[in-house]
$ cat model_38.cif   # mmCIF, C-alpha atoms, pLDDT in the B column; chains and numbers go by the auth columns
data_input
#
loop_
_atom_site.group_PDB
_atom_site.id
_atom_site.type_symbol
_atom_site.label_atom_id
_atom_site.label_comp_id
_atom_site.label_asym_id
_atom_site.label_seq_id
_atom_site.Cartn_x
_atom_site.Cartn_y
_atom_site.Cartn_z
_atom_site.B_iso_or_equiv
_atom_site.auth_seq_id
_atom_site.auth_asym_id
ATOM 1 C CA MET A 1 -25.880 162.240 -40.830 56.00 273 T
ATOM 2 C CA THR A 2 -23.789 162.710 -43.969 60.00 274 T
ATOM 3 C CA THR A 3 -21.832 165.880 -44.649 63.00 275 T
ATOM 4 C CA THR A 4 -24.285 166.809 -47.430 58.00 276 T
ATOM 5 C CA ALA A 5 -27.300 166.195 -45.205 63.00 277 T
ATOM 6 C CA LEU A 6 -25.693 168.214 -42.416 63.00 278 T
ATOM 7 C CA ALA A 7 -25.004 171.115 -44.794 61.00 279 T
ATOM 8 C CA ASP A 8 -28.579 170.923 -46.123 86.00 280 T
ATOM 9 C CA ASN A 9 -29.940 170.984 -42.566 85.00 281 T
ATOM 10 C CA GLU A 10 -27.755 173.984 -41.682 90.00 282 T
ATOM 11 C CA THR A 11 -29.043 175.796 -44.786 92.00 283 T
ATOM 12 C CA LEU A 12 -32.625 174.936 -43.836 95.00 284 T
ATOM 13 C CA ILE A 13 -32.157 176.156 -40.250 95.00 285 T
ATOM 14 C CA ALA A 14 -30.554 179.377 -41.529 96.00 286 T
ATOM 15 C CA GLY A 15 -33.599 179.936 -43.755 97.00 287 T
ATOM 16 C CA ILE A 16 -35.950 179.274 -40.841 97.00 288 T
ATOM 17 C CA ILE A 17 -34.050 181.741 -38.640 98.00 289 T
ATOM 18 C CA ALA A 18 -34.225 184.361 -41.406 98.00 290 T
ATOM 19 C CA ALA A 19 -37.993 183.788 -41.635 98.00 291 T
ATOM 20 C CA LEU A 20 -38.376 184.054 -37.855 98.00 292 T
ATOM 21 C CA ARG A 21 -36.557 187.384 -37.964 97.00 293 T
ATOM 22 C CA THR A 22 -39.452 188.762 -40.071 97.00 294 T
ATOM 23 C CA VAL A 23 -41.871 188.218 -37.169 96.00 295 T
ATOM 24 C CA HIS A 24 -41.870 191.033 -34.617 93.00 296 T
ATOM 25 C CA ASP A 25 -43.158 191.188 -31.082 88.00 297 T
ATOM 26 C CA PRO A 26 -45.997 193.747 -31.101 84.00 298 T
ATOM 27 C CA GLU A 27 -45.006 195.223 -27.721 82.00 299 T
ATOM 28 C CA ILE A 28 -41.237 195.388 -28.270 83.00 300 T
ATOM 29 C CA PRO A 29 -40.336 196.407 -31.838 82.00 301 T
ATOM 30 C CA VAL A 30 -37.796 193.598 -32.236 90.00 302 T
ATOM 31 C CA ASN A 31 -37.940 190.302 -34.113 95.00 303 T
ATOM 32 C CA ILE A 32 -38.840 187.272 -32.019 95.00 304 T
ATOM 33 C CA TYR A 33 -35.645 185.357 -32.795 97.00 305 T
ATOM 34 C CA ASP A 34 -33.225 188.027 -31.587 96.00 306 T
ATOM 35 C CA LEU A 35 -35.554 188.791 -28.698 95.00 307 T
ATOM 36 C CA GLY A 36 -34.904 185.233 -27.515 95.00 308 T
ATOM 37 C CA LEU A 37 -38.464 183.944 -27.793 95.00 309 T
ATOM 38 C CA ILE A 38 -37.473 180.900 -29.881 97.00 310 T
ATOM 39 C CA TYR A 39 -36.295 178.084 -27.617 97.00 311 T
ATOM 40 C CA ARG A 40 -35.988 175.196 -30.103 97.00 312 T
ATOM 41 C CA ILE A 41 -36.028 174.587 -33.859 97.00 313 T
ATOM 42 C CA ASP A 42 -36.028 170.970 -34.972 96.00 314 T
ATOM 43 C CA SER A 43 -36.251 169.928 -38.619 94.00 315 T
ATOM 44 C CA LYS A 44 -37.386 166.404 -39.417 91.00 316 T
ATOM 45 C CA ASP A 45 -36.594 164.358 -42.527 85.00 317 T
ATOM 46 C CA ASP A 46 -40.193 164.576 -43.782 89.00 318 T
ATOM 47 C CA GLY A 47 -40.189 168.392 -44.035 92.00 319 T
ATOM 48 C CA LEU A 48 -41.780 168.935 -40.626 96.00 320 T
ATOM 49 C CA VAL A 49 -40.305 171.738 -38.553 97.00 321 T
ATOM 50 C CA GLU A 50 -41.049 171.816 -34.843 97.00 322 T
ATOM 51 C CA ILE A 51 -40.609 175.109 -33.034 98.00 323 T
ATOM 52 C CA GLU A 52 -40.869 175.789 -29.330 97.00 324 T
ATOM 53 C CA MET A 53 -41.298 179.402 -28.399 96.00 325 T
ATOM 54 C CA THR A 54 -42.388 181.546 -25.524 94.00 326 T
ATOM 55 C CA LEU A 55 -43.754 185.035 -25.002 91.00 327 T
ATOM 56 C CA THR A 56 -42.328 187.996 -23.128 86.00 328 T
ATOM 57 C CA ALA A 57 -45.347 187.741 -20.807 81.00 329 T
ATOM 58 C CA PRO A 58 -47.798 184.843 -20.308 79.00 330 T
ATOM 59 C CA GLY A 59 -50.787 187.187 -20.690 81.00 331 T
ATOM 60 C CA CYS A 60 -49.750 188.455 -24.120 79.00 332 T
ATOM 61 C CA PRO A 61 -52.979 189.501 -25.899 78.00 333 T
ATOM 62 C CA VAL A 62 -51.735 188.333 -29.322 81.00 334 T
ATOM 63 C CA ALA A 63 -50.371 184.926 -28.266 80.00 335 T
ATOM 64 C CA GLY A 64 -52.584 182.950 -30.640 82.00 336 T
ATOM 65 C CA GLU A 65 -51.912 185.317 -33.506 91.00 337 T
ATOM 66 C CA MET A 66 -48.160 185.216 -32.937 92.00 338 T
ATOM 67 C CA LEU A 67 -48.122 181.419 -33.319 94.00 339 T
ATOM 68 C CA THR A 68 -49.898 181.844 -36.655 95.00 340 T
ATOM 69 C CA TRP A 69 -47.397 184.535 -37.730 96.00 341 T
ATOM 70 C CA VAL A 70 -44.533 182.142 -36.967 97.00 342 T
ATOM 71 C CA GLU A 71 -46.163 179.285 -38.858 97.00 343 T
ATOM 72 C CA LYS A 72 -46.880 181.473 -41.908 97.00 344 T
ATOM 73 C CA ALA A 73 -43.317 182.821 -42.005 98.00 345 T
ATOM 74 C CA VAL A 74 -41.607 179.431 -41.643 98.00 346 T
ATOM 75 C CA ILE A 75 -43.842 177.512 -44.088 97.00 347 T
ATOM 76 C CA GLU A 76 -42.498 179.780 -46.866 96.00 348 T
ATOM 77 C CA VAL A 77 -38.953 178.433 -46.414 96.00 349 T
ATOM 78 C CA ASP A 78 -37.832 176.004 -49.130 93.00 350 T
ATOM 79 C CA GLY A 79 -37.772 172.462 -47.732 93.00 351 T
ATOM 80 C CA VAL A 80 -40.434 173.096 -45.087 95.00 352 T
ATOM 81 C CA GLU A 81 -43.624 171.113 -45.642 95.00 353 T
ATOM 82 C CA LYS A 82 -45.327 171.542 -42.275 97.00 354 T
ATOM 83 C CA VAL A 83 -44.752 173.663 -39.170 97.00 355 T
ATOM 84 C CA ALA A 84 -45.720 172.742 -35.617 97.00 356 T
ATOM 85 C CA VAL A 85 -45.366 175.657 -33.185 97.00 357 T
ATOM 86 C CA ARG A 86 -45.631 174.934 -29.483 96.00 358 T
ATOM 87 C CA LEU A 87 -45.913 177.612 -26.832 93.00 359 T
ATOM 88 C CA VAL A 88 -43.904 176.939 -23.667 94.00 360 T
ATOM 89 C CA PHE A 89 -43.339 178.955 -20.513 91.00 361 T
ATOM 90 C CA ASP A 90 -40.589 176.915 -18.888 91.00 362 T
ATOM 91 C CA PRO A 91 -38.049 178.344 -18.590 91.00 363 T
ATOM 92 C CA PRO A 92 -39.708 181.742 -18.356 90.00 364 T
ATOM 93 C CA TRP A 93 -38.408 184.367 -20.758 91.00 365 T
ATOM 94 C CA ASP A 94 -36.224 187.163 -19.419 89.00 366 T
ATOM 95 C CA SER A 95 -34.097 189.849 -21.025 87.00 367 T
ATOM 96 C CA SER A 96 -30.918 187.747 -20.743 91.00 368 T
ATOM 97 C CA ARG A 97 -32.180 185.734 -23.746 93.00 369 T
ATOM 98 C CA MET A 98 -31.911 188.758 -26.068 91.00 370 T
ATOM 99 C CA THR A 99 -28.960 189.130 -28.400 92.00 371 T
ATOM 100 C CA ASP A 100 -26.436 191.827 -27.491 92.00 372 T
ATOM 101 C CA ASP A 101 -27.477 193.794 -30.595 90.00 373 T
ATOM 102 C CA VAL A 102 -31.069 193.938 -29.343 90.00 374 T
ATOM 103 C CA LYS A 103 -29.963 194.874 -25.837 90.00 375 T
ATOM 104 C CA LEU A 104 -27.914 197.703 -27.332 89.00 376 T
ATOM 105 C CA GLU A 105 -30.809 198.806 -29.553 86.00 377 T
ATOM 106 C CA LEU A 106 -33.146 198.920 -26.551 85.00 378 T
ATOM 107 C CA GLY A 107 -30.608 200.759 -24.405 85.00 379 T
ATOM 108 C CA LEU A 108 -29.982 197.844 -22.056 84.00 380 T
ATOM 109 C CA LEU A 109 -26.203 197.739 -22.643 77.00 381 T
#
$ encode --input "model_38.cif" --output "structure tokens"
Amino acid sequence: MTTTALADNETLIAGIIAALRTVHDPEIPVNIYDLGLIYRIDSKDDGLVEIEMTLTAPGCPVAGEMLTWVEKAVIEVDGVEKVAVRLVFDPPWDSSRMTDDVKLELGLL
């Protein structure tokens, strides 16, 4: 990958992360990125972005809706043509995946 392509990809990923930070978990008033629910972001050359994410609990009542929220947020990022969001439960989510800022905000630090 060239330096320009690498810089463009970093800019794209930064935009995707910013978009993901606009999506909040309905049970914990924190964005899903800093909560640690996003496991993988992969941008392809054709504008496809693949995202693997999990939920705080497998029985989350808004699981289907949350995938749609993620797709709608990320598709708005310049350079993204299509979004594929996949729900995974391995490894299971736990509070260690949260950023320190979120842990502090929730009184866990």
$ residues_around --input "model_38.cif" --residues "Ile288 of chain T" --least-positions-apart "4" --cutoff "8 Å" --atoms "only C-alpha atoms" --output "list of chain:residue names"
T:Leu284, T:Leu292, T:Val346, T:Val349
$ resolve_selection --input "model_38.cif" --expression "the PyMOL selection byres ((chain T and resi 297-308) around 10)" --output "PDB file with C-alpha atoms, in the coordinates of the input"
ATOM      1  CA  ILE T 289     -34.050 181.741 -38.640  1.00 98.00           C
ATOM      2  CA  ALA T 290     -34.225 184.361 -41.406  1.00 98.00           C
ATOM      3  CA  ALA T 291     -37.993 183.788 -41.635  1.00 98.00           C
ATOM      4  CA  LEU T 292     -38.376 184.054 -37.855  1.00 98.00           C
ATOM      5  CA  ARG T 293     -36.557 187.384 -37.964  1.00 97.00           C
ATOM      6  CA  THR T 294     -39.452 188.762 -40.071  1.00 97.00           C
ATOM      7  CA  VAL T 295     -41.871 188.218 -37.169  1.00 96.00           C
ATOM      8  CA  HIS T 296     -41.870 191.033 -34.617  1.00 93.00           C
ATOM      9  CA  LEU T 309     -38.464 183.944 -27.793  1.00 95.00           C
ATOM     10  CA  ILE T 310     -37.473 180.900 -29.881  1.00 97.00           C
ATOM     11  CA  TYR T 311     -36.295 178.084 -27.617  1.00 97.00           C
ATOM     12  CA  MET T 325     -41.298 179.402 -28.399  1.00 96.00           C
ATOM     13  CA  THR T 326     -42.388 181.546 -25.524  1.00 94.00           C
ATOM     14  CA  LEU T 327     -43.754 185.035 -25.002  1.00 91.00           C
ATOM     15  CA  THR T 328     -42.328 187.996 -23.128  1.00 86.00           C
ATOM     16  CA  CYS T 332     -49.750 188.455 -24.120  1.00 79.00           C
ATOM     17  CA  PRO T 333     -52.979 189.501 -25.899  1.00 78.00           C
ATOM     18  CA  VAL T 334     -51.735 188.333 -29.322  1.00 81.00           C
ATOM     19  CA  ALA T 335     -50.371 184.926 -28.266  1.00 80.00           C
ATOM     20  CA  MET T 338     -48.160 185.216 -32.937  1.00 92.00           C
ATOM     21  CA  VAL T 342     -44.533 182.142 -36.967  1.00 97.00           C
ATOM     22  CA  TRP T 365     -38.408 184.367 -20.758  1.00 91.00           C
ATOM     23  CA  ASP T 366     -36.224 187.163 -19.419  1.00 89.00           C
ATOM     24  CA  SER T 367     -34.097 189.849 -21.025  1.00 87.00           C
ATOM     25  CA  SER T 368     -30.918 187.747 -20.743  1.00 91.00           C
ATOM     26  CA  ARG T 369     -32.180 185.734 -23.746  1.00 93.00           C
ATOM     27  CA  MET T 370     -31.911 188.758 -26.068  1.00 91.00           C
ATOM     28  CA  THR T 371     -28.960 189.130 -28.400  1.00 92.00           C
ATOM     29  CA  ASP T 372     -26.436 191.827 -27.491  1.00 92.00           C
ATOM     30  CA  ASP T 373     -27.477 193.794 -30.595  1.00 90.00           C
ATOM     31  CA  VAL T 374     -31.069 193.938 -29.343  1.00 90.00           C
ATOM     32  CA  LYS T 375     -29.963 194.874 -25.837  1.00 90.00           C
ATOM     33  CA  GLU T 377     -30.809 198.806 -29.553  1.00 86.00           C
ATOM     34  CA  LEU T 378     -33.146 198.920 -26.551  1.00 85.00           C
TER      35      LEU T 378
END
$ closest_residue --input "model_38.cif" --among "T:Asp280, T:Asp362, T:Ile285, T:Gly379" --to "Ala329 of chain T" --atoms "all atoms listed in the file"
T:Asp362
$ atom_distance --input "model_38.cif" --atom1 "atom CA of Thr283 of chain T" --atom2 "atom CA of Leu376 of chain T"
28.0 Å
$ closest_residue --input "model_38.cif" --among "T:Ala286, T:Ile323, T:Leu380, T:Ala345" --to "Leu359 of chain T" --atoms "all atoms listed in the file"
T:Ile323
$ atom_distance --input "model_38.cif" --atom1 "atom CA of Thr340 of chain T" --atom2 "atom CA of Pro364 of chain T"
20.9 Å
$ decode --input "model_38.cif" --residues "segment 335-375 of chain T" --atoms "N, CA and C atoms" --output "PDB file, in the first residue's frame"
ATOM      1  N   ALA T 335     -31.115  -5.758  19.108  1.00  0.00           N
ATOM      2  CA  ALA T 335     -29.961  -6.235  18.326  1.00  0.00           C
ATOM      3  C   ALA T 335     -30.117  -5.924  16.845  1.00  0.00           C
ATOM      4  N   GLY T 336     -31.235  -6.287  16.262  1.00  0.00           N
ATOM      5  CA  GLY T 336     -31.453  -6.038  14.837  1.00  0.00           C
ATOM      6  C   GLY T 336     -31.444  -4.564  14.502  1.00  0.00           C
ATOM      7  N   GLU T 337     -32.056  -3.769  15.361  1.00  0.00           N
ATOM      8  CA  GLU T 337     -32.085  -2.326  15.134  1.00  0.00           C
ATOM      9  C   GLU T 337     -30.691  -1.721  15.239  1.00  0.00           C
ATOM     10  N   MET T 338     -29.904  -2.206  16.176  1.00  0.00           N
ATOM     11  CA  MET T 338     -28.562  -1.649  16.374  1.00  0.00           C
ATOM     12  C   MET T 338     -27.697  -1.868  15.125  1.00  0.00           C
ATOM     13  N   LEU T 339     -27.822  -3.019  14.487  1.00  0.00           N
ATOM     14  CA  LEU T 339     -27.066  -3.265  13.256  1.00  0.00           C
ATOM     15  C   LEU T 339     -27.461  -2.245  12.189  1.00  0.00           C
ATOM     16  N   THR T 340     -28.734  -1.936  12.107  1.00  0.00           N
ATOM     17  CA  THR T 340     -29.213  -0.937  11.151  1.00  0.00           C
ATOM     18  C   THR T 340     -28.687   0.444  11.504  1.00  0.00           C
ATOM     19  N   TRP T 341     -28.647   0.780  12.801  1.00  0.00           N
ATOM     20  CA  TRP T 341     -28.112   2.083  13.229  1.00  0.00           C
ATOM     21  C   TRP T 341     -26.660   2.215  12.804  1.00  0.00           C
ATOM     22  N   VAL T 342     -25.890   1.145  12.974  1.00  0.00           N
ATOM     23  CA  VAL T 342     -24.472   1.157  12.600  1.00  0.00           C
ATOM     24  C   VAL T 342     -24.334   1.355  11.096  1.00  0.00           C
ATOM     25  N   GLU T 343     -25.098   0.594  10.337  1.00  0.00           N
ATOM     26  CA  GLU T 343     -25.031   0.702   8.875  1.00  0.00           C
ATOM     27  C   GLU T 343     -25.383   2.117   8.422  1.00  0.00           C
ATOM     28  N   LYS T 344     -26.453   2.685   8.961  1.00  0.00           N
ATOM     29  CA  LYS T 344     -26.879   4.032   8.563  1.00  0.00           C
ATOM     30  C   LYS T 344     -25.839   5.090   8.927  1.00  0.00           C
ATOM     31  N   ALA T 345     -25.189   4.947  10.061  1.00  0.00           N
ATOM     32  CA  ALA T 345     -24.173   5.920  10.469  1.00  0.00           C
ATOM     33  C   ALA T 345     -22.942   5.835   9.569  1.00  0.00           C
ATOM     34  N   VAL T 346     -22.479   4.626   9.288  1.00  0.00           N
ATOM     35  CA  VAL T 346     -21.233   4.444   8.539  1.00  0.00           C
ATOM     36  C   VAL T 346     -21.405   4.746   7.055  1.00  0.00           C
ATOM     37  N   ILE T 347     -22.574   4.484   6.484  1.00  0.00           N
ATOM     38  CA  ILE T 347     -22.776   4.719   5.046  1.00  0.00           C
ATOM     39  C   ILE T 347     -22.676   6.213   4.712  1.00  0.00           C
ATOM     40  N   GLU T 348     -22.835   7.077   5.712  1.00  0.00           N
ATOM     41  CA  GLU T 348     -22.747   8.523   5.496  1.00  0.00           C
ATOM     42  C   GLU T 348     -21.309   9.024   5.381  1.00  0.00           C
ATOM     43  N   VAL T 349     -20.341   8.190   5.699  1.00  0.00           N
ATOM     44  CA  VAL T 349     -18.932   8.593   5.660  1.00  0.00           C
ATOM     45  C   VAL T 349     -18.458   8.652   4.204  1.00  0.00           C
ATOM     46  N   ASP T 350     -17.789   9.738   3.853  1.00  0.00           N
ATOM     47  CA  ASP T 350     -17.241   9.885   2.498  1.00  0.00           C
ATOM     48  C   ASP T 350     -16.300   8.727   2.200  1.00  0.00           C
ATOM     49  N   GLY T 351     -16.476   8.098   1.041  1.00  0.00           N
ATOM     50  CA  GLY T 351     -15.634   6.981   0.630  1.00  0.00           C
ATOM     51  C   GLY T 351     -16.263   5.626   0.908  1.00  0.00           C
ATOM     52  N   VAL T 352     -17.341   5.610   1.680  1.00  0.00           N
ATOM     53  CA  VAL T 352     -18.028   4.346   1.976  1.00  0.00           C
ATOM     54  C   VAL T 352     -19.179   4.177   0.990  1.00  0.00           C
ATOM     55  N   GLU T 353     -19.167   3.062   0.277  1.00  0.00           N
ATOM     56  CA  GLU T 353     -20.213   2.774  -0.702  1.00  0.00           C
ATOM     57  C   GLU T 353     -21.215   1.739  -0.182  1.00  0.00           C
ATOM     58  N   LYS T 354     -20.727   0.829   0.641  1.00  0.00           N
ATOM     59  CA  LYS T 354     -21.573  -0.241   1.163  1.00  0.00           C
ATOM     60  C   LYS T 354     -21.031  -0.661   2.528  1.00  0.00           C
ATOM     61  N   VAL T 355     -21.946  -1.053   3.418  1.00  0.00           N
ATOM     62  CA  VAL T 355     -21.554  -1.466   4.764  1.00  0.00           C
ATOM     63  C   VAL T 355     -22.114  -2.859   5.024  1.00  0.00           C
ATOM     64  N   ALA T 356     -21.265  -3.744   5.493  1.00  0.00           N
ATOM     65  CA  ALA T 356     -21.689  -5.085   5.900  1.00  0.00           C
ATOM     66  C   ALA T 356     -21.378  -5.222   7.386  1.00  0.00           C
ATOM     67  N   VAL T 357     -22.428  -5.326   8.209  1.00  0.00           N
ATOM     68  CA  VAL T 357     -22.258  -5.437   9.654  1.00  0.00           C
ATOM     69  C   VAL T 357     -22.578  -6.867  10.053  1.00  0.00           C
ATOM     70  N   ARG T 358     -21.645  -7.465  10.767  1.00  0.00           N
ATOM     71  CA  ARG T 358     -21.815  -8.853  11.214  1.00  0.00           C
ATOM     72  C   ARG T 358     -21.786  -8.890  12.733  1.00  0.00           C
ATOM     73  N   LEU T 359     -22.762  -9.552  13.307  1.00  0.00           N
ATOM     74  CA  LEU T 359     -22.846  -9.701  14.749  1.00  0.00           C
ATOM     75  C   LEU T 359     -22.094 -10.958  15.164  1.00  0.00           C
ATOM     76  N   VAL T 360     -21.184 -10.812  16.123  1.00  0.00           N
ATOM     77  CA  VAL T 360     -20.407 -11.944  16.625  1.00  0.00           C
ATOM     78  C   VAL T 360     -20.481 -11.966  18.151  1.00  0.00           C
ATOM     79  N   PHE T 361     -20.317 -13.138  18.714  1.00  0.00           N
ATOM     80  CA  PHE T 361     -20.349 -13.265  20.172  1.00  0.00           C
ATOM     81  C   PHE T 361     -19.109 -13.957  20.717  1.00  0.00           C
ATOM     82  N   ASP T 362     -18.097 -14.120  19.858  1.00  0.00           N
ATOM     83  CA  ASP T 362     -16.859 -14.738  20.291  1.00  0.00           C
ATOM     84  C   ASP T 362     -15.707 -13.830  19.876  1.00  0.00           C
ATOM     85  N   PRO T 363     -14.978 -13.253  20.776  1.00  0.00           N
ATOM     86  CA  PRO T 363     -15.076 -13.448  22.225  1.00  0.00           C
ATOM     87  C   PRO T 363     -16.258 -12.670  22.793  1.00  0.00           C
ATOM     88  N   PRO T 364     -16.807 -13.149  23.903  1.00  0.00           N
ATOM     89  CA  PRO T 364     -17.908 -12.428  24.525  1.00  0.00           C
ATOM     90  C   PRO T 364     -17.440 -11.059  25.022  1.00  0.00           C
ATOM     91  N   TRP T 365     -18.342 -10.094  24.963  1.00  0.00           N
ATOM     92  CA  TRP T 365     -18.020  -8.758  25.457  1.00  0.00           C
ATOM     93  C   TRP T 365     -17.939  -8.770  26.977  1.00  0.00           C
ATOM     94  N   ASP T 366     -17.009  -7.990  27.521  1.00  0.00           N
ATOM     95  CA  ASP T 366     -16.990  -7.717  28.954  1.00  0.00           C
ATOM     96  C   ASP T 366     -16.471  -6.298  29.155  1.00  0.00           C
ATOM     97  N   SER T 367     -16.595  -5.795  30.351  1.00  0.00           N
ATOM     98  CA  SER T 367     -16.286  -4.393  30.619  1.00  0.00           C
ATOM     99  C   SER T 367     -14.816  -4.025  30.378  1.00  0.00           C
ATOM    100  N   SER T 368     -13.937  -4.998  30.271  1.00  0.00           N
ATOM    101  CA  SER T 368     -12.525  -4.686  30.011  1.00  0.00           C
ATOM    102  C   SER T 368     -12.322  -4.097  28.612  1.00  0.00           C
ATOM    103  N   ARG T 369     -13.303  -4.229  27.730  1.00  0.00           N
ATOM    104  CA  ARG T 369     -13.202  -3.704  26.372  1.00  0.00           C
ATOM    105  C   ARG T 369     -13.523  -2.211  26.289  1.00  0.00           C
ATOM    106  N   MET T 370     -14.058  -1.640  27.363  1.00  0.00           N
ATOM    107  CA  MET T 370     -14.403  -0.221  27.386  1.00  0.00           C
ATOM    108  C   MET T 370     -13.149   0.634  27.478  1.00  0.00           C
ATOM    109  N   THR T 371     -13.224   1.830  26.909  1.00  0.00           N
ATOM    110  CA  THR T 371     -12.110   2.767  27.070  1.00  0.00           C
ATOM    111  C   THR T 371     -12.067   3.231  28.523  1.00  0.00           C
ATOM    112  N   ASP T 372     -10.912   3.712  28.959  1.00  0.00           N
ATOM    113  CA  ASP T 372     -10.778   4.208  30.328  1.00  0.00           C
ATOM    114  C   ASP T 372     -11.715   5.386  30.586  1.00  0.00           C
ATOM    115  N   ASP T 373     -11.920   6.236  29.570  1.00  0.00           N
ATOM    116  CA  ASP T 373     -12.840   7.368  29.730  1.00  0.00           C
ATOM    117  C   ASP T 373     -14.248   6.892  30.060  1.00  0.00           C
ATOM    118  N   VAL T 374     -14.703   5.833  29.388  1.00  0.00           N
ATOM    119  CA  VAL T 374     -16.038   5.305  29.636  1.00  0.00           C
ATOM    120  C   VAL T 374     -16.096   4.661  31.028  1.00  0.00           C
ATOM    121  N   LYS T 375     -15.060   3.924  31.376  1.00  0.00           N
ATOM    122  CA  LYS T 375     -15.021   3.323  32.707  1.00  0.00           C
ATOM    123  C   LYS T 375     -15.114   4.395  33.787  1.00  0.00           C
TER     124      LYS T 375
END
